[in-house]
Every structure is written in structure tokens, then in C-alpha cells.
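Undergrad: This one is target04.txt, compact mmCIF, C-alpha atoms and all ligand atoms.
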```
# COMPACT_ATOMS: atom_id res chain seq x y z
CA MET A 706 -30.58 52.09 -48.22
CA ARG A 707 -31.71 49.13 -50.32
CA LEU A 708 -35.42 49.11 -51.08
CA ASP A 709 -35.92 45.61 -49.62
CA LYS A 710 -34.21 46.65 -46.36
CA PHE A 711 -36.45 49.70 -46.24
CA ILE A 712 -39.52 47.46 -46.59
CA VAL A 713 -38.31 45.40 -43.61
CA ALA A 714 -37.44 48.54 -41.59
CA VAL A 715 -40.94 50.03 -41.96
CA GLY A 716 -42.58 46.71 -41.13
CA ALA A 717 -44.22 46.27 -44.53
CA GLY A 718 -42.78 42.80 -45.11
CA SER A 719 -39.70 40.60 -45.31
CA ARG A 720 -36.94 40.92 -47.91
CA SER A 721 -38.34 38.08 -49.99
CA GLN A 722 -41.81 39.65 -49.78
CA ALA A 723 -40.25 42.90 -51.04
CA LYS A 724 -39.00 40.97 -54.07
CA SER A 725 -42.50 39.66 -54.76
CA MET A 726 -43.94 43.18 -54.33
CA VAL A 727 -41.52 44.46 -56.98
CA LYS A 728 -42.42 41.60 -59.32
CA ALA A 729 -46.11 42.40 -58.87
CA LYS A 730 -45.38 46.11 -59.51
CA ARG A 731 -46.90 47.06 -56.16
CA LEU A 732 -44.02 49.35 -55.16
CA THR A 733 -43.28 52.83 -56.49
CA VAL A 734 -40.39 55.14 -55.72
CA ASN A 735 -41.21 58.81 -56.35
CA GLY A 736 -44.11 57.71 -58.54
CA GLN A 737 -42.05 55.33 -60.72
CA VAL A 738 -42.69 51.58 -60.50
CA ALA A 739 -39.70 49.99 -58.75
CA LYS A 740 -37.87 47.50 -61.00
CA LYS A 741 -35.45 45.90 -58.55
CA SER A 742 -35.78 45.11 -54.86
CA ASP A 743 -32.10 45.94 -54.27
CA MET A 744 -32.33 49.43 -55.81
CA LYS A 745 -30.94 52.19 -53.61
CA ILE A 746 -33.29 54.73 -52.08
CA ASP A 747 -32.85 57.63 -49.70
CA PRO A 748 -35.31 56.95 -46.86
CA GLU A 749 -35.28 60.61 -45.81
CA LYS A 750 -36.05 62.05 -49.25
CA ASP A 751 -37.65 59.46 -51.51
CA SER A 752 -41.35 58.68 -51.39
CA VAL A 753 -41.96 54.94 -51.41
CA CYS A 754 -45.52 53.68 -51.86
CA LEU A 755 -46.97 50.19 -51.53
CA ASP A 756 -50.26 49.81 -53.42
CA GLY A 757 -50.37 53.61 -53.56
CA GLN A 758 -49.95 54.05 -49.78
CA GLU A 759 -46.84 55.95 -48.69
CA LEU A 760 -44.58 54.00 -46.31
CA VAL A 761 -43.29 56.21 -43.51
CA TYR A 762 -39.75 55.69 -42.35
CA THR A 763 -38.69 56.56 -38.82
CA ALA A 764 -34.97 57.00 -38.50
CA PHE A 765 -34.80 55.47 -35.04
CA ASP A 766 -36.60 52.78 -33.08
CA TYR A 767 -36.77 52.93 -29.29
CA ILE A 768 -37.89 49.73 -27.61
CA MET A 769 -38.56 48.87 -24.00
CA LEU A 770 -38.12 45.16 -23.33
CA ASN A 771 -38.92 43.34 -20.12
CA LYS A 772 -35.96 41.02 -20.44
CA PRO A 773 -36.57 37.47 -19.27
CA ALA A 774 -33.87 35.28 -17.73
CA GLY A 775 -31.98 32.97 -20.11
CA VAL A 776 -31.29 35.38 -22.97
CA ILE A 777 -28.15 37.43 -23.40
CA SER A 778 -27.94 41.19 -24.00
CA ALA A 779 -26.21 40.99 -27.37
CA THR A 780 -27.27 41.41 -30.99
CA GLU A 781 -26.01 38.00 -32.09
CA ASP A 782 -24.38 34.92 -30.66
CA ALA A 783 -23.41 31.57 -32.13
CA ARG A 784 -24.89 29.51 -29.26
CA GLU A 785 -27.08 31.61 -26.97
CA ARG A 786 -30.49 33.17 -27.56
CA THR A 787 -30.20 36.96 -27.62
CA VAL A 788 -32.63 39.74 -26.78
CA LEU A 789 -32.98 40.43 -30.54
CA ASP A 790 -34.49 36.95 -30.94
CA LEU A 791 -37.45 38.31 -28.94
CA LEU A 792 -38.13 41.09 -31.46
CA PRO A 793 -39.76 40.85 -34.90
CA ASP A 794 -37.75 41.32 -38.14
CA ARG A 795 -38.53 44.99 -38.50
CA TYR A 796 -36.73 45.86 -35.26
CA GLN A 797 -33.54 43.92 -35.93
CA ARG A 798 -31.55 47.12 -36.45
CA VAL A 799 -31.56 48.05 -32.74
CA ALA A 800 -28.95 47.19 -30.11
CA PRO A 801 -29.25 47.01 -26.32
CA VAL A 802 -28.25 50.09 -24.32
CA GLY A 803 -25.83 48.46 -21.88
CA ARG A 804 -26.00 44.90 -20.69
CA LEU A 805 -27.95 42.87 -18.22
CA ASP A 806 -26.59 39.49 -17.11
CA LYS A 807 -28.18 36.37 -18.61
CA ASP A 808 -30.06 35.70 -15.36
CA THR A 809 -31.09 39.35 -14.78
CA VAL A 810 -34.63 40.37 -15.75
CA GLY A 811 -36.40 43.67 -16.28
CA LEU A 812 -35.92 46.93 -18.11
CA LEU A 813 -33.74 46.85 -21.19
CA LEU A 814 -33.80 49.72 -23.67
CA LEU A 815 -32.90 48.90 -27.26
CA THR A 816 -32.31 51.49 -29.96
CA ASN A 817 -30.36 52.30 -33.11
CA ASP A 818 -29.97 55.91 -31.89
CA GLY A 819 -26.23 55.80 -31.25
CA GLN A 820 -26.13 59.25 -29.67
CA LEU A 821 -28.72 58.34 -27.03
CA ASN A 822 -27.04 54.99 -26.43
CA HIS A 823 -23.72 56.74 -25.86
CA ASN A 824 -25.20 59.45 -23.60
CA LEU A 825 -27.02 56.98 -21.36
CA LEU A 826 -23.90 54.85 -20.88
CA SER A 827 -21.33 57.62 -20.52
CA PRO A 828 -19.86 57.44 -16.99
CA LYS A 829 -19.77 61.26 -16.96
CA LYS A 830 -23.56 61.52 -17.23
CA HIS A 831 -24.26 59.61 -13.98
CA VAL A 832 -27.52 58.13 -15.24
CA ASP A 833 -29.37 56.30 -12.44
CA LYS A 834 -30.05 52.58 -12.74
CA CYS A 835 -32.47 51.24 -10.15
CA TYR A 836 -32.64 47.50 -9.37
CA GLU A 837 -34.94 45.35 -7.28
CA VAL A 838 -32.66 42.93 -5.49
CA THR A 839 -33.52 39.73 -3.65
CA LEU A 840 -30.83 38.62 -1.21
CA GLU A 841 -29.75 35.34 0.32
CA GLN A 842 -29.17 36.87 3.78
CA PRO A 843 -31.26 39.55 5.51
CA CYS A 844 -30.01 43.05 4.67
CA PRO A 845 -28.83 44.85 7.82
CA PRO A 846 -29.62 48.59 8.18
CA GLU A 847 -25.85 49.35 8.24
CA ALA A 848 -25.75 48.41 4.55
CA ILE A 849 -27.50 51.72 3.75
CA ALA A 850 -24.54 53.78 5.03
CA ALA A 851 -22.00 51.40 3.45
CA MET A 852 -23.63 51.80 0.03
CA LYS A 853 -23.87 55.56 0.52
CA THR A 854 -20.13 55.77 1.23
CA GLY A 855 -19.30 53.52 -1.72
CA VAL A 856 -18.29 49.89 -1.31
CA THR A 857 -14.99 48.44 -2.56
CA LEU A 858 -15.31 45.58 -5.07
CA ASP A 859 -13.18 42.40 -5.18
CA ASP A 860 -10.77 43.99 -7.67
CA GLY A 861 -10.23 47.06 -5.46
CA TYR A 862 -12.60 49.30 -7.44
CA GLN A 863 -14.21 51.92 -5.21
CA CYS A 864 -17.87 52.33 -6.21
CA LEU A 865 -19.59 55.67 -6.41
CA PRO A 866 -22.18 56.31 -3.67
CA ALA A 867 -25.33 54.25 -4.17
CA GLU A 868 -28.78 54.56 -2.64
CA LEU A 869 -30.15 51.54 -0.83
CA THR A 870 -33.77 51.22 0.31
CA ILE A 871 -34.67 48.20 2.43
CA LEU A 872 -38.19 46.98 1.64
CA SER A 873 -38.07 43.83 3.77
CA ASP A 874 -35.37 41.53 5.19
CA TYR A 875 -34.48 40.00 1.83
CA LEU A 876 -35.83 42.56 -0.64
CA VAL A 877 -34.16 45.90 -1.40
CA HIS A 878 -33.92 48.58 -4.08
CA LEU A 879 -30.46 49.73 -5.08
CA THR A 880 -29.82 52.75 -7.31
CA ILE A 881 -26.38 53.05 -8.88
CA GLN A 882 -24.91 55.43 -11.43
CA GLU A 883 -22.34 53.11 -12.95
CA GLY A 884 -22.42 49.90 -14.93
CA LYS A 885 -19.39 47.78 -14.13
CA PHE A 886 -19.46 44.05 -14.92
CA HIS A 887 -21.81 42.26 -12.46
CA GLN A 888 -21.81 45.45 -10.45
CA VAL A 889 -24.84 44.95 -8.21
CA LYS A 890 -23.97 41.34 -7.47
CA ARG A 891 -20.40 42.30 -6.61
CA MET A 892 -21.52 45.22 -4.42
CA PHE A 893 -23.55 42.85 -2.25
CA LEU A 894 -20.74 40.28 -2.25
CA ALA A 895 -18.52 43.05 -0.85
CA LEU A 896 -20.98 43.29 2.05
CA GLY A 897 -20.92 39.50 2.60
CA ASN A 898 -24.31 38.90 1.00
CA LYS A 899 -25.45 37.24 -2.22
CA VAL A 900 -27.96 38.34 -4.87
CA THR A 901 -30.43 35.56 -5.68
CA HIS A 902 -32.68 37.54 -8.06
CA LEU A 903 -32.06 40.79 -9.90
CA LYS A 904 -34.52 42.93 -11.80
CA ARG A 905 -33.90 46.35 -13.32
CA LEU A 906 -36.78 48.73 -12.69
CA ARG A 907 -35.53 52.04 -14.04
CA MET A 908 -32.85 53.60 -16.20
CA GLY A 909 -32.69 57.39 -15.96
CA SER A 910 -36.19 58.73 -16.55
CA LEU A 911 -37.38 55.46 -18.09
CA THR A 912 -39.38 53.15 -15.81
CA LEU A 913 -40.25 49.56 -16.65
CA ASP A 914 -43.88 49.43 -17.78
CA PRO A 915 -45.62 47.19 -15.20
CA SER A 916 -48.02 45.92 -17.87
CA LEU A 917 -45.15 44.22 -19.77
CA GLU A 918 -44.74 40.55 -18.95
CA GLU A 919 -41.22 39.13 -19.05
CA GLY A 920 -40.31 38.67 -22.72
CA ASP A 921 -42.73 41.39 -23.89
CA PHE A 922 -41.73 44.70 -25.45
CA ARG A 923 -43.29 47.96 -26.55
CA LEU A 924 -42.14 51.09 -28.36
CA LEU A 925 -41.28 54.09 -26.20
CA THR A 926 -43.74 56.98 -26.29
CA GLU A 927 -42.55 60.27 -27.78
CA GLU A 928 -42.54 61.76 -24.30
CA GLU A 929 -40.32 58.98 -22.95
CA VAL A 930 -37.86 59.48 -25.82
CA THR A 931 -37.78 63.26 -25.35
CA ARG A 932 -37.15 62.97 -21.61
CA LEU A 933 -34.32 60.50 -22.13
CA GLN A 934 -32.76 62.70 -24.81
CA LYS A 935 -32.95 65.81 -22.61
CA ASN A 936 -30.93 64.62 -19.68
CA GLY A 937 -31.22 60.89 -19.19
CA ASN A 938 -32.41 61.24 -15.60
N1 LIG B 1001 -25.54 44.36 -11.92
C1 LIG B 1001 -25.37 43.03 -12.02
O1 LIG B 1001 -24.70 42.42 -11.20
N2 LIG B 1001 -25.96 42.38 -13.04
C2 LIG B 1001 -26.73 43.02 -13.97
O2 LIG B 1001 -27.26 42.37 -14.86
C3 LIG B 1001 -26.91 44.40 -13.84
C4 LIG B 1001 -26.30 45.05 -12.82
```
Here is a file; write its structure as C-alpha cells.

TA:
Amino acid sequence: MRLDKFIVAVGAGSRSQAKSMVKAKRLTVNGQVAKKSDMKIDPEKDSVCLDGQELVYTAFDYIMLNKPAGVISATEDARERTVLDLLPDRYQRVAPVGRLDKDTVGLLLLTNDGQLNHNLLSPKKHVDKCYEVTLEQPCPPEAIAAMKTGVTLDDGYQCLPAELTILSDYLVHLTIQEGKFHQVKRMFLALGNKVTHLKRLRMGSLTLDPSLEEGDFRLLTEEEVTRLQKNGN
């Protein structure tokens, strides 16, 4: 990894600040003053110090974002604002684990841990995704059995069984184990209803932190990471 990228990754500064640090001889690599900000280092083995303080590199970042409406779940886009635009420079190496629609809010996990990303999205792993759903029409009690059997989407796809909990006429929780395009919205369309607001509350063992406002993020705790890595759910 280039030294200046390392400086960004550990949150010590931007790439241009890394250049200035090198110029000012503030950076050492294994005790030697660094001469170039684009020199190659091994973040796992080399000891990099700034003003004598060792900079600690974590291989992976795990971020919980309370996604607001109006941003897309992508790493870059020519026209739209993406979820990465909500994160500081040092976390720009992560990618969202799955997608939420532009108008969907709530829990979005972002990481550069490709193995975890893959495991949580693998259809074989059946990781739960729980959504709070606001509906246009009142939700009849029969919808619980229909979701449990598995509704058929507009393209003929037969959904896996899903768990529906009715909280009030227009407010429900739906837990699904798949992630097809617009899945929750299409499941309610199949029942003749329409989703007017969608918020993800949980993904596997990871629950949206209620103290996060929309647009806010925090790092996952070690315990949250370990639980996700063990079995997702
Ligand atoms: N289902 C949807 O319809 N939209 C989302 O963003 C997530 C699940």
C-alpha cells in the first residue's frame, strides 16, 4: 500500500497532508524517515510513526449507517449522491452490503471485508432482513398467512416464507430472508397494497442503533462484528 493511502486509511490526514508530513520529516517507516509519500509499505508488517507515535492499521472497517432518503447505495455515481458521500475520507474504502432503494431509510452496513459481505448476501445463508413498513391501505390479518406461505411477485417469482407482524392498520414489520430488487415493495403490491415508507431495522444479528439519526453512522463494536461473522443471524 502507498504510504499516503495508509495515512488516509488510518485517519491521520489526507493524501496532500501526507505529502506535507513527508516534507516536514514527520513520518518514519521502521525507524527511517520516509522520503516519498508514494513509497510502498506493508500495513501488516511495517511500523509507521507520525511524530514518533505509531499509526495502527485495521485491515477492515465495519460501519453502521442510518441511511437517509435521497442517496443511493453505491460507491460512486456520476449524478446521484451516494452513501459514501456521507462518510469521511478515511472510510472511503468500504462498500455497502446489499442495496437499499433511494427512498428507503435505515440500517445499512458498509465494509471492505469481502468475506463478510459475501456471507451476508449469499442466498444460501438465509440472513434475516427486518423492515418497518408503512402502507397505503390497512393491512388485513390474512396477509400474515399469505406472507408465511410465500407470495408470488409480478414476474412470477415465488418468495420464500416471510414473517409479518401487524403493529397497527398501516404499520407492519416484515422479515424476509432474500434481497430481490424492490422485494418488500413488490411483496405488498402482490397483496394489492402499496408501501409508502420503508425502513430497515435489522440485518441478521445487527440492529439499527436507535441513537443514530438519519445520515449518521458509527463503527460496529467488536461484539457486533464477531456475531455477524459467526453466523449472520
Ligand atoms: N425492499 C424494497 O422494496 N426496497 C428496499 O430498499 C429494500 C427492500

Undergrad: Counting all atoms listed in the file, which protein, DNA or RNA residues come within 7 Å of ligand LIG 1001 (chain B), given as a CSV table (one decimal) with C-alpha atoms, in the coordinates of the input?

TA:
```csv
chain,number,residue,atom,x,y,z
A,804,ARG,CA,-26.0,44.9,-20.7
A,805,LEU,CA,-28.0,42.9,-18.2
A,806,ASP,CA,-26.6,39.5,-17.1
A,809,THR,CA,-31.1,39.4,-14.8
A,884,GLY,CA,-22.4,49.9,-14.9
A,886,PHE,CA,-19.5,44.0,-14.9
A,887,HIS,CA,-21.8,42.3,-12.5
A,888,GLN,CA,-21.8,45.4,-10.4
A,889,VAL,CA,-24.8,45.0,-8.2
A,890,LYS,CA,-24.0,41.3,-7.5
A,891,ARG,CA,-20.4,42.3,-6.6
```

Undergrad: Pick from A:Ile849, A:Ala895, A:Ala729, A:Leu876: nearest to Tyr862 in chain A, with all atoms listed in the file counted?

TA: A:Ala895

Undergrad: Would you mind reading off the distance between CA of Lys853 in chain A and CA of Asn824 in chain A, one decimal, in Å?

TA: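 Between CA of Lys853 in chain A and CA of Asn824 in chain A the gap works out to 24.5 Å.
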
Undergrad: Please provide the set of residues having any atom within 9 Å of Ala779 in chain A, restricted to all atoms listed in the file, with same-chain residues fewer than 6 positions apart removed, written as a list of chain:residue names.

TA: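 The residues that qualify are A:Arg786, A:Thr787, A:Val788, A:Leu789, A:Ala800, A:Pro801, A:Arg804.
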
Undergrad: Between CA of Gln842 in chain A and CA of Val810 in chain A, what is the distance, to one decimal in Å?

TA: 20.6 Å

Undergrad: Tell me which protein, DNA and RNA residues are within 6 Å of Leu913 in chain A, counting all atoms listed in the file, leaving out same-chain ones fewer than 2 positions away, and put them as a list in words.

TA: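 Skipping anything fewer than 2 positions along the chain leaves Leu812, Leu906 and Arg907 of chain A.
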
Undergrad: Please identify all polymer residues within 6 Å of Met769 in chain A, counting only C-alpha atoms, omitting same-chain residues fewer than 2 positions from it, and present them as a PDB file with C-alpha atoms, in the coordinates of the input.

TA:
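As a result, part-v8.pdb now contains:
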```
ATOM      1  CA  LEU A 813     -33.740  46.850 -21.190  1.00  0.00           C
ATOM      2  CA  LEU A 814     -33.800  49.720 -23.670  1.00  0.00           C
ATOM      3  CA  PHE A 922     -41.730  44.700 -25.450  1.00  0.00           C
ATOM      4  CA  ARG A 923     -43.290  47.960 -26.550  1.00  0.00           C
TER       5      ARG A 923
END
```

Undergrad: Closest to Gln797 in chain A among A:Lys710, A:Lys724, A:Arg905, A:His823, using all atoms listed in the file?

TA: A:Lys710

Undergrad: Any idea what's packed within 8 Å of Val900 in chain A, counting only C-alpha atoms, ignoring anything in its chain fewer than 3 positions away? Could you give it as a ChimeraX atom specification?

TA: /A:838-841,890,893-894,903

Undergrad: Kindly indicate which residue among A:Ala867, A:Ile881, A:Ala714, A:Leu770 lies nearest to Leu917 in chain A, using all atoms listed in the file for the distances.

TA: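 Between A:Ala867, A:Ile881, A:Ala714, A:Leu770, the residue approaching Leu917 in chain A most closely is A:Leu770.
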
Undergrad: Can you work out the spacing between CA of Thr854 in chain A and CA of Leu869 in chain A in Å, to one decimal?

TA: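 That distance, rounded to one decimal, is 11.1 Å.
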
Undergrad: Taking a cut-off of 10 Å and counting only C-alpha atoms, can you build a table that, for each residue of range 759-849 of chain A near range 715-718 of chain A, reports the nearest atom pair and how far apart they are in Å (one decimal), sorted by chain then residue number, as a tab-separated table?

TA:
```
residue	atom	partner	partner_atom	distance
A:Leu760	CA	A:Val715	CA	6.9
A:Val761	CA	A:Val715	CA	6.8
A:Tyr762	CA	A:Val715	CA	5.8
A:Thr763	CA	A:Val715	CA	7.6
A:Ala764	CA	A:Val715	CA	9.8
A:Pro793	CA	A:Gly716	CA	9.0
A:Asp794	CA	A:Gly716	CA	7.8
A:Arg795	CA	A:Gly716	CA	5.1
A:Tyr796	CA	A:Gly716	CA	8.3
```

Undergrad: May I ask which of the residues A:Asp833, A:Met892, A:Leu879, A:Asp874 is the closest one to Met908 in chain A, counting all atoms listed in the file?

TA: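 Ranked by minimum distance to Met908 in chain A, first place goes to A:Asp833.
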
Undergrad: Taking into account all atoms listed in the file, which residue in the set A:Val776, A:Gln882, A:Cys754, A:Met706 is nearest to Asn938 in chain A?

TA: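 The closest residue to Asn938 in chain A is A:Gln882.
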
Undergrad: Kindly indicate which residue among A:Lys830, A:Thr901, A:Ser910, A:Gly920 lies nearest to Asp790 in chain A, using all atoms listed in the file for the distances.

TA: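 Result for the nearest residue to Asp790 in chain A: A:Gly920.
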
Undergrad: With a distance cut-off of 6 Å and all atoms listed in the file, select the neighbouring residues of Val877 in chain A, excluding the residue or stretch itself and same-chain residues fewer than 3 positions from it, and output the selection as a list in words.

TA: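 My reading of the contact set: Glu837, Val838, Thr870, Ile871 and Leu872 of chain A.
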